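J.: Okay, so here is start06.txt, and as you'll see once you scroll down, it has compact mmCIF, C-alpha atoms and all ligand atoms.
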```
# COMPACT_ATOMS: atom_id res chain seq x y z
CA MET A 286 73.88 87.28 89.45
CA SER A 287 75.23 89.12 92.44
CA PHE A 288 78.67 88.56 93.87
CA GLU A 289 80.04 89.58 97.22
CA ILE A 290 83.53 89.67 98.74
CA ARG A 291 83.86 88.54 102.34
CA LYS A 292 86.88 88.50 104.63
CA LEU A 293 87.33 84.91 105.71
CA THR A 294 88.00 83.21 109.03
CA ILE A 295 89.07 79.70 109.91
CA VAL A 296 85.41 78.66 109.83
CA ASP A 297 85.78 78.91 106.05
CA PHE A 298 88.73 76.50 105.92
CA ASP A 299 86.91 73.67 104.11
CA ASP A 300 85.47 76.02 101.48
CA ILE A 301 88.89 77.56 100.86
CA HIS A 302 90.34 74.11 100.20
CA ARG A 303 87.36 73.13 98.05
CA VAL A 304 87.87 76.17 95.80
CA TRP A 305 91.63 75.60 95.57
CA ALA A 306 91.09 71.92 94.75
CA ASP A 307 88.39 72.63 92.14
CA SER A 308 90.70 75.26 90.64
CA GLY A 309 93.60 72.86 90.35
CA LEU A 310 95.86 74.84 92.67
CA PRO A 311 98.26 72.53 94.48
CA THR A 312 98.22 72.76 98.28
CA LYS A 313 100.36 71.63 101.20
CA PRO A 314 97.64 70.18 103.47
CA ASN A 315 100.16 68.86 105.99
CA GLY A 316 102.21 72.04 105.99
CA ARG A 317 101.45 75.66 105.32
CA ASP A 318 97.89 74.94 104.14
CA SER A 319 96.91 72.90 107.20
CA ARG A 320 94.04 74.12 109.37
CA GLU A 321 96.48 74.93 112.16
CA MET A 322 98.81 76.98 109.96
CA ILE A 323 96.01 78.85 108.22
CA ALA A 324 94.34 79.60 111.57
CA LYS A 325 97.61 81.09 112.83
CA GLU A 326 98.10 83.04 109.61
CA MET A 327 94.59 84.50 109.80
CA GLN A 328 95.32 85.85 113.29
CA LYS A 329 98.05 88.08 111.89
CA PRO A 330 96.94 91.64 111.20
CA VAL A 331 99.05 91.72 108.02
CA VAL A 332 97.24 88.78 106.42
CA ALA A 333 93.74 88.65 104.99
CA TYR A 334 91.94 85.86 103.20
CA PHE A 335 89.10 86.96 100.94
CA GLY A 336 86.32 84.83 99.52
CA LEU A 337 84.10 85.64 96.57
CA TYR A 338 80.54 84.46 97.05
CA GLU A 339 77.68 83.90 94.68
CA ASN A 340 74.76 83.91 97.08
CA ASP A 341 76.19 81.90 99.98
CA ASN A 342 78.47 79.72 97.87
CA MET A 343 82.19 80.48 97.82
CA ILE A 344 83.36 80.48 94.20
CA GLY A 345 86.68 82.27 94.57
CA VAL A 346 89.42 82.93 97.04
CA GLY A 347 92.66 84.89 97.45
CA ILE A 348 95.16 85.89 100.12
CA ALA A 349 96.72 89.28 100.77
CA ASN A 350 99.78 89.65 102.93
CA PHE A 351 101.94 92.65 103.75
CA ASP A 352 105.58 91.86 104.48
CA GLY A 353 106.38 95.29 105.91
CA ARG A 354 107.66 96.55 102.54
CA ARG A 355 105.65 94.96 99.78
CA GLY A 356 102.14 93.67 99.53
CA TRP A 357 101.53 90.25 98.03
CA VAL A 358 98.48 88.81 96.33
CA ASN A 359 98.58 85.04 96.63
CA ARG A 360 96.67 81.96 95.57
CA VAL A 361 93.87 83.66 93.71
CA ALA A 362 91.47 81.05 92.38
CA ILE A 363 88.07 81.10 90.71
CA ASP A 364 86.16 77.88 90.30
CA PRO A 365 86.20 76.64 86.70
CA ASP A 366 82.47 77.25 86.09
CA HIS A 367 82.85 80.97 86.75
CA ARG A 368 86.02 81.82 84.83
CA GLY A 369 86.31 84.43 82.13
CA ASN A 370 83.95 86.86 83.88
CA LYS A 371 86.64 89.08 85.43
CA LEU A 372 85.69 87.81 88.88
CA ALA A 373 89.31 87.33 89.97
CA ALA A 374 89.67 91.10 89.62
CA MET A 375 87.18 91.52 92.49
CA ILE A 376 89.42 89.43 94.74
CA ILE A 377 92.56 91.24 93.56
CA ASN A 378 90.84 94.58 94.28
CA ALA A 379 89.94 93.47 97.81
CA CYS A 380 93.52 92.33 98.40
CA GLU A 381 94.91 95.61 97.05
CA LYS A 382 92.63 97.69 99.28
CA PHE A 383 93.76 95.73 102.34
CA LEU A 384 97.43 96.01 101.31
CA TYR A 385 97.36 99.73 100.60
CA GLU A 386 95.61 100.30 103.93
CA SER A 387 98.33 98.18 105.60
CA GLY A 388 101.03 100.47 104.17
CA ALA A 389 102.20 98.65 101.05
CA VAL A 390 103.57 100.79 98.24
CA VAL A 391 104.33 98.05 95.71
CA ILE A 392 101.94 95.14 95.23
CA CYS A 393 103.32 91.92 93.80
CA ALA A 394 102.23 88.48 92.66
CA LEU A 395 104.17 85.37 91.67
CA ILE A 396 102.84 83.65 88.56
CA GLU A 397 104.23 80.54 86.87
CA ASP A 398 105.29 81.41 83.36
CA GLU A 399 102.91 78.95 81.69
CA ASN A 400 99.87 80.29 83.56
CA THR A 401 98.52 82.48 80.77
CA PRO A 402 95.01 82.99 82.29
CA SER A 403 96.59 84.28 85.49
CA MET A 404 99.00 86.53 83.61
CA ALA A 405 96.10 87.91 81.55
CA CYS A 406 94.06 88.47 84.68
CA PHE A 407 96.84 90.36 86.48
CA THR A 408 97.65 92.33 83.32
CA ASN A 409 93.99 93.37 83.15
CA SER A 410 94.29 94.54 86.78
CA GLY A 411 97.24 96.79 85.91
CA TYR A 412 100.24 94.57 86.78
CA THR A 413 103.37 94.25 84.64
CA ALA A 414 105.83 91.33 84.53
CA GLU A 415 109.43 91.89 85.59
CA LYS A 416 110.98 88.97 83.78
CA GLU A 417 114.56 89.54 84.90
CA ILE A 418 113.63 88.45 88.45
CA ILE A 419 113.79 84.76 89.36
CA TYR A 420 111.90 83.36 92.36
CA TRP A 421 114.34 81.87 94.89
CA THR A 422 113.24 80.00 98.00
CA LYS A 423 114.67 78.19 101.01
CA ARG A 424 112.38 75.55 102.53
CA ARG A 425 112.75 73.50 105.68
CA SER A 426 110.53 70.71 104.30
CA LYS A 427 108.56 69.72 101.22
CA GLU A 428 105.39 70.75 103.09
CA ASP A 429 106.53 74.37 103.46
C1 LIG A 501 93.72 82.83 87.07
C2 LIG A 501 92.24 82.86 87.44
C3 LIG A 501 92.11 83.19 88.92
C4 LIG A 501 91.57 83.96 86.62
O1 LIG A 501 90.22 84.09 87.05
P1 LIG A 501 89.08 84.70 86.10
O2 LIG A 501 88.03 85.31 86.97
O3 LIG A 501 88.64 83.71 85.11
O4 LIG A 501 89.90 85.86 85.35
P2 LIG A 501 89.47 86.69 84.06
O5 LIG A 501 87.99 86.60 83.84
O6 LIG A 501 90.07 88.03 84.23
O7 LIG A 501 90.16 85.92 82.86
C5 LIG A 501 91.58 85.88 82.77
C6 LIG A 501 91.96 85.10 81.52
O8 LIG A 501 91.52 83.75 81.62
C7 LIG A 501 91.25 83.26 80.28
N1 LIG A 501 89.85 82.81 80.23
C8 LIG A 501 88.78 83.44 79.76
N2 LIG A 501 87.68 82.65 79.87
C9 LIG A 501 88.09 81.51 80.44
C10 LIG A 501 87.43 80.32 80.80
N3 LIG A 501 86.11 80.16 80.62
N4 LIG A 501 88.16 79.33 81.38
C11 LIG A 501 89.48 79.47 81.59
N5 LIG A 501 90.17 80.60 81.26
C12 LIG A 501 89.48 81.61 80.69
C13 LIG A 501 91.48 84.41 79.33
O9 LIG A 501 92.83 84.28 78.89
C14 LIG A 501 91.35 85.61 80.24
O10 LIG A 501 92.07 86.71 79.80
P3 LIG A 501 91.35 87.85 78.93
O11 LIG A 501 90.19 88.36 79.72
O12 LIG A 501 92.38 88.91 78.73
O13 LIG A 501 90.89 87.18 77.68
C15 LIG A 501 91.55 81.52 87.11
O14 LIG A 501 91.84 81.16 85.78
C16 LIG A 501 91.99 80.39 88.04
O15 LIG A 501 91.42 80.18 89.11
N6 LIG A 501 93.02 79.62 87.61
C17 LIG A 501 93.52 78.47 88.42
C18 LIG A 501 94.23 78.92 89.67
C19 LIG A 501 95.41 79.80 89.34
O16 LIG A 501 96.21 79.47 88.47
N7 LIG A 501 95.53 80.92 90.06
C20 LIG A 501 96.56 81.90 89.87
C21 LIG A 501 97.73 81.65 90.72
S1 LIG A 501 98.98 82.88 90.39
```
Once more with this new file: its structure as structure tokens, please.
T.:
Amino acid sequence: MSFEIRKLTIVDFDDIHRVWADSGLPTKPNGRDSREMIAKEMQKPVVAYFGLYENDNMIGVGIANFDGRRGWVNRVAIDPDHRGNKLAAMIINACEKFLYESGAVVICALIEDENTPSMACFTNSGYTAEKEIIYWTKRRSKED
């Protein structure tokens, strides 16, 4: 089997949502994951969406974004039929390359503490957990 990473555009919107849905990742289709919001996000030079393809079929996805200090790897997902083959690492690598080239020094990811496959995957890619930090947010709506 041959796999290929591609940088995505808004044309890939439906496939991105298909992979997220098949992967069980919750989305905010009326908010930050709407076509309009993702299209705007993709226009920003500090954001890149990457897809992992087997032939022409998207089987994985992930987002890299540079906040001016740190780089973030977000919403990595591999469809359930392809898990356990270290394919997420290909997406993480693509995100890291983009983030280092953007100027990031530290690269971060947020992982829910029951998500053992994701923690294993990021551990295998060289990440370590900093458990004393708690994720705090401020949202204007439930769709954000
Ligand atoms: C997290 C995720 C992206 C990892 O993708 P992957 O390509 O399967 O990653 P890996 O092959 O490196 O496997 C990671 C871990 O998944 C587990 N795993 C292995 N085979 C598996 C399978 N067939 N099905 C499910 N999990 C499996 C193992 O714990 C493995 O760790 P190990 O290699 O140290 O044993 C994938 O499980 C996924 O899409 N999960 C749902 C979405 C999600 O939670 N994303 C992360 C948000 S932070």
J.: Each side padded by 3 Å, which centre and which edge lengths in Å (one decimal) define the axis-aligned box around the listed atoms of ligand LIG 501 (chain A)? Give them as AutoDock Vina command-line options.
T.:
```
--center_x 92.5 --center_y 83.7 --center_z 84.2 --size_x 18.9 --size_y 16.4 --size_z 19.0
```
J.: Per residue of chain A within 7 Å of ligand LIG 501 (chain A), record the nearest atom pair and its distance in Å to one decimal, counting all atoms listed in the file, with rows in chain order and ascending residue number, as JSON lines.
T.:
```
{"residue": "A:Ser308", "atom": "CA", "partner": "A:LIG501", "partner_atom": "C17", "distance": 4.8}
{"residue": "A:Gly309", "atom": "CA", "partner": "A:LIG501", "partner_atom": "C17", "distance": 5.9}
{"residue": "A:Leu310", "atom": "CA", "partner": "A:LIG501", "partner_atom": "C18", "distance": 5.3}
{"residue": "A:Asn359", "atom": "CA", "partner": "A:LIG501", "partner_atom": "S1", "distance": 6.6}
{"residue": "A:Arg360", "atom": "CA", "partner": "A:LIG501", "partner_atom": "C21", "distance": 5.0}
{"residue": "A:Val361", "atom": "CA", "partner": "A:LIG501", "partner_atom": "N7", "distance": 4.9}
{"residue": "A:Ala362", "atom": "CA", "partner": "A:LIG501", "partner_atom": "O15", "distance": 3.4}
{"residue": "A:Ile363", "atom": "CA", "partner": "A:LIG501", "partner_atom": "O15", "distance": 3.8}
{"residue": "A:Asp364", "atom": "CA", "partner": "A:LIG501", "partner_atom": "O15", "distance": 5.9}
{"residue": "A:Pro365", "atom": "CA", "partner": "A:LIG501", "partner_atom": "N4", "distance": 6.3}
{"residue": "A:His367", "atom": "CA", "partner": "A:LIG501", "partner_atom": "O3", "distance": 6.6}
{"residue": "A:Arg368", "atom": "CA", "partner": "A:LIG501", "partner_atom": "O3", "distance": 3.2}
{"residue": "A:Gly369", "atom": "CA", "partner": "A:LIG501", "partner_atom": "N2", "distance": 3.2}
{"residue": "A:Asn370", "atom": "CA", "partner": "A:LIG501", "partner_atom": "O5", "distance": 4.0}
{"residue": "A:Lys371", "atom": "CA", "partner": "A:LIG501", "partner_atom": "O5", "distance": 3.2}
{"residue": "A:Leu372", "atom": "CA", "partner": "A:LIG501", "partner_atom": "O2", "distance": 3.9}
{"residue": "A:Ala373", "atom": "CA", "partner": "A:LIG501", "partner_atom": "O2", "distance": 3.8}
{"residue": "A:Ala374", "atom": "CA", "partner": "A:LIG501", "partner_atom": "O6", "distance": 6.2}
{"residue": "A:Ala394", "atom": "CA", "partner": "A:LIG501", "partner_atom": "S1", "distance": 6.9}
{"residue": "A:Leu395", "atom": "CA", "partner": "A:LIG501", "partner_atom": "S1", "distance": 5.9}
{"residue": "A:Ile396", "atom": "CA", "partner": "A:LIG501", "partner_atom": "S1", "distance": 4.3}
{"residue": "A:Glu397", "atom": "CA", "partner": "A:LIG501", "partner_atom": "S1", "distance": 6.7}
{"residue": "A:Asn400", "atom": "CA", "partner": "A:LIG501", "partner_atom": "O16", "distance": 6.2}
{"residue": "A:Thr401", "atom": "CA", "partner": "A:LIG501", "partner_atom": "O9", "distance": 6.3}
{"residue": "A:Pro402", "atom": "CA", "partner": "A:LIG501", "partner_atom": "O8", "distance": 3.6}
{"residue": "A:Ser403", "atom": "CA", "partner": "A:LIG501", "partner_atom": "C1", "distance": 3.6}
{"residue": "A:Ala405", "atom": "CA", "partner": "A:LIG501", "partner_atom": "O10", "distance": 4.6}
{"residue": "A:Cys406", "atom": "CA", "partner": "A:LIG501", "partner_atom": "O6", "distance": 4.0}
{"residue": "A:Asn409", "atom": "CA", "partner": "A:LIG501", "partner_atom": "O12", "distance": 6.5}
```
J.: Selection from above, C-alpha atoms, as a CSV table (one decimal), in the frame of the given file, can you write it?
T.:
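Writing done, so here's again-v3.csv:
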```
chain,number,residue,atom,x,y,z
A,308,SER,CA,90.7,75.3,90.6
A,309,GLY,CA,93.6,72.9,90.4
A,310,LEU,CA,95.9,74.8,92.7
A,359,ASN,CA,98.6,85.0,96.6
A,360,ARG,CA,96.7,82.0,95.6
A,361,VAL,CA,93.9,83.7,93.7
A,362,ALA,CA,91.5,81.0,92.4
A,363,ILE,CA,88.1,81.1,90.7
A,364,ASP,CA,86.2,77.9,90.3
A,365,PRO,CA,86.2,76.6,86.7
A,367,HIS,CA,82.8,81.0,86.8
A,368,ARG,CA,86.0,81.8,84.8
A,369,GLY,CA,86.3,84.4,82.1
A,370,ASN,CA,84.0,86.9,83.9
A,371,LYS,CA,86.6,89.1,85.4
A,372,LEU,CA,85.7,87.8,88.9
A,373,ALA,CA,89.3,87.3,90.0
A,374,ALA,CA,89.7,91.1,89.6
A,394,ALA,CA,102.2,88.5,92.7
A,395,LEU,CA,104.2,85.4,91.7
A,396,ILE,CA,102.8,83.6,88.6
A,397,GLU,CA,104.2,80.5,86.9
A,400,ASN,CA,99.9,80.3,83.6
A,401,THR,CA,98.5,82.5,80.8
A,402,PRO,CA,95.0,83.0,82.3
A,403,SER,CA,96.6,84.3,85.5
A,405,ALA,CA,96.1,87.9,81.6
A,406,CYS,CA,94.1,88.5,84.7
A,409,ASN,CA,94.0,93.4,83.2
```
J.: Which value, in Å to one decimal, gives the distance between CA of Gly316 (chain A) and CA of Lys427 (chain A)?
T.: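 Going from CA of Gly316 (chain A) over to CA of Lys427 (chain A), I get 8.3 Å.
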J.: For the point (95.0, 90.2, 100.2) in the file's frame, write as a list in words all residues with an atom no more than 8 Å away, counting only C-alpha atoms.
T.: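 Those residues, ordered by chain and then number, are Val332, Ala333, Tyr334, Phe335, Gly347, Ile348, Ala349, Asn350, Gly356, Trp357, Val358, Asn359, Ile376, Ile377, Ala379, Cys380, Glu381, Lys382, Phe383 and Leu384 of chain A.
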J.: For the atom pair CA of Ile344 (chain A) and CA of Asp366 (chain A), what is the interatomic distance in Å to one decimal place?
T.: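 So the two atoms, CA of Ile344 (chain A) and CA of Asp366 (chain A), lie 8.8 Å apart.
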J.: Using only C-alpha atoms, determine which residues lie at most 9 Å from Arg355 (chain A), disregarding the query and same-chain residues fewer than 5 positions distant; provide the list as a list in words.
T.: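 My reading of the contact set: Asn350, Leu384, Gly388, Ala389, Val390, Val391, Ile392 and Cys393 of chain A.
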J.: From the set A:Val304, A:Ser410, A:Phe298, A:Val331, which residue has the shortest atom-to-atom contact distance to Asp318 (chain A), counting all atoms listed in the file?
T.: A:Phe298
J.: Please report the interatomic distance between CA of Ser319 (chain A) and CA of Gly336 (chain A) in Å with one decimal.
T.: 17.7 Å
J.: Extract, using all atoms listed in the file, all DNA, RNA and protein residues at most 12 Å from Lys313 (chain A), discarding same-chain residues fewer than 4 positions from it, and format them as a PyMOL selection string.
T.: chain A and resi 302+305-306+317-320+322-323+426-429
J.: May I have the selected residues written with C-alpha atoms, as a PDB file, in the coordinates of the input?
T.:
```pdb
ATOM      1  CA  HIS A 302      90.340  74.110 100.200  1.00  0.00           C
ATOM      2  CA  TRP A 305      91.630  75.600  95.570  1.00  0.00           C
ATOM      3  CA  ALA A 306      91.090  71.920  94.750  1.00  0.00           C
ATOM      4  CA  ARG A 317     101.450  75.660 105.320  1.00  0.00           C
ATOM      5  CA  ASP A 318      97.890  74.940 104.140  1.00  0.00           C
ATOM      6  CA  SER A 319      96.910  72.900 107.200  1.00  0.00           C
ATOM      7  CA  ARG A 320      94.040  74.120 109.370  1.00  0.00           C
ATOM      8  CA  MET A 322      98.810  76.980 109.960  1.00  0.00           C
ATOM      9  CA  ILE A 323      96.010  78.850 108.220  1.00  0.00           C
ATOM     10  CA  SER A 426     110.530  70.710 104.300  1.00  0.00           C
ATOM     11  CA  LYS A 427     108.560  69.720 101.220  1.00  0.00           C
ATOM     12  CA  GLU A 428     105.390  70.750 103.090  1.00  0.00           C
ATOM     13  CA  ASP A 429     106.530  74.370 103.460  1.00  0.00           C
TER      14      ASP A 429
END
```
J.: Using the incomplete input, complete region 356-376 of chain A to the level of N, CA, C and O atoms; output as an mmCIF file, in the coordinates of the input.
T.:
```cif
data_model
loop_
_atom_site.group_PDB
_atom_site.id
_atom_site.type_symbol
_atom_site.label_atom_id
_atom_site.label_comp_id
_atom_site.auth_asym_id
_atom_site.auth_seq_id
_atom_site.Cartn_x
_atom_site.Cartn_y
_atom_site.Cartn_z
ATOM 1 N N GLY A 356 103.369 94.435 99.356
ATOM 2 C CA GLY A 356 102.140 93.670 99.530
ATOM 3 C C GLY A 356 102.118 92.553 98.516
ATOM 4 O O GLY A 356 102.592 92.715 97.382
ATOM 5 N N TRP A 357 101.579 91.422 98.907
ATOM 6 C CA TRP A 357 101.530 90.250 98.030
ATOM 7 C C TRP A 357 100.099 89.765 97.859
ATOM 8 O O TRP A 357 99.348 89.679 98.837
ATOM 9 N N VAL A 358 99.776 89.441 96.629
ATOM 10 C CA VAL A 358 98.480 88.810 96.330
ATOM 11 C C VAL A 358 98.791 87.357 95.977
ATOM 12 O O VAL A 358 99.572 87.090 95.052
ATOM 13 N N ASN A 359 98.222 86.449 96.752
ATOM 14 C CA ASN A 359 98.580 85.040 96.630
ATOM 15 C C ASN A 359 97.363 84.157 96.365
ATOM 16 O O ASN A 359 96.275 84.438 96.868
ATOM 17 N N ARG A 360 97.603 83.087 95.659
ATOM 18 C CA ARG A 360 96.670 81.960 95.570
ATOM 19 C C ARG A 360 95.249 82.376 95.195
ATOM 20 O O ARG A 360 94.264 81.883 95.756
ATOM 21 N N VAL A 361 95.194 83.268 94.219
ATOM 22 C CA VAL A 361 93.870 83.660 93.710
ATOM 23 C C VAL A 361 93.321 82.507 92.881
ATOM 24 O O VAL A 361 94.025 81.940 92.033
ATOM 25 N N ALA A 362 92.092 82.149 93.137
ATOM 26 C CA ALA A 362 91.470 81.050 92.380
ATOM 27 C C ALA A 362 89.982 81.328 92.205
ATOM 28 O O ALA A 362 89.328 81.827 93.123
ATOM 29 N N ILE A 363 89.512 81.016 91.022
ATOM 30 C CA ILE A 363 88.070 81.100 90.710
ATOM 31 C C ILE A 363 87.644 79.725 90.222
ATOM 32 O O ILE A 363 88.339 79.111 89.400
ATOM 33 N N ASP A 364 86.517 79.241 90.710
ATOM 34 C CA ASP A 364 86.160 77.880 90.300
ATOM 35 C C ASP A 364 85.916 77.842 88.785
ATOM 36 O O ASP A 364 85.536 78.838 88.182
ATOM 37 N N PRO A 365 86.199 76.707 88.157
ATOM 38 C CA PRO A 365 86.200 76.640 86.700
ATOM 39 C C PRO A 365 84.888 77.071 86.038
ATOM 40 O O PRO A 365 84.907 77.609 84.928
ATOM 41 N N ASP A 366 83.754 76.882 86.703
ATOM 42 C CA ASP A 366 82.470 77.250 86.090
ATOM 43 C C ASP A 366 82.245 78.756 86.016
ATOM 44 O O ASP A 366 81.288 79.204 85.377
ATOM 45 N N HIS A 367 83.069 79.514 86.690
ATOM 46 C CA HIS A 367 82.850 80.970 86.750
ATOM 47 C C HIS A 367 83.980 81.766 86.110
ATOM 48 O O HIS A 367 84.047 82.985 86.269
ATOM 49 N N ARG A 368 84.855 81.102 85.399
ATOM 50 C CA ARG A 368 86.020 81.820 84.830
ATOM 51 C C ARG A 368 85.640 82.655 83.617
ATOM 52 O O ARG A 368 84.641 82.402 82.969
ATOM 53 N N GLY A 369 86.498 83.604 83.328
ATOM 54 C CA GLY A 369 86.310 84.430 82.130
ATOM 55 C C GLY A 369 85.317 85.555 82.336
ATOM 56 O O GLY A 369 84.929 86.230 81.386
ATOM 57 N N ASN A 370 84.913 85.790 83.568
ATOM 58 C CA ASN A 370 83.950 86.860 83.880
ATOM 59 C C ASN A 370 84.571 87.995 84.689
ATOM 60 O O ASN A 370 83.857 88.777 85.305
ATOM 61 N N LYS A 371 85.902 88.025 84.699
ATOM 62 C CA LYS A 371 86.640 89.080 85.430
ATOM 63 C C LYS A 371 86.353 89.056 86.931
ATOM 64 O O LYS A 371 86.427 90.072 87.615
ATOM 65 N N LEU A 372 85.998 87.892 87.450
ATOM 66 C CA LEU A 372 85.690 87.810 88.880
ATOM 67 C C LEU A 372 86.964 87.831 89.726
ATOM 68 O O LEU A 372 86.961 88.350 90.848
ATOM 69 N N ALA A 373 88.057 87.293 89.203
ATOM 70 C CA ALA A 373 89.310 87.330 89.970
ATOM 71 C C ALA A 373 89.694 88.771 90.288
ATOM 72 O O ALA A 373 90.287 89.048 91.332
ATOM 73 N N ALA A 374 89.333 89.678 89.391
ATOM 74 C CA ALA A 374 89.670 91.100 89.620
ATOM 75 C C ALA A 374 89.010 91.612 90.904
ATOM 76 O O ALA A 374 89.563 92.486 91.587
ATOM 77 N N MET A 375 87.840 91.078 91.245
ATOM 78 C CA MET A 375 87.180 91.520 92.490
ATOM 79 C C MET A 375 88.013 91.093 93.706
ATOM 80 O O MET A 375 88.130 91.837 94.676
ATOM 81 N N ILE A 376 88.580 89.902 93.630
ATOM 82 C CA ILE A 376 89.420 89.430 94.740
ATOM 83 C C ILE A 376 90.718 90.248 94.786
ATOM 84 O O ILE A 376 91.161 90.671 95.856
#
```
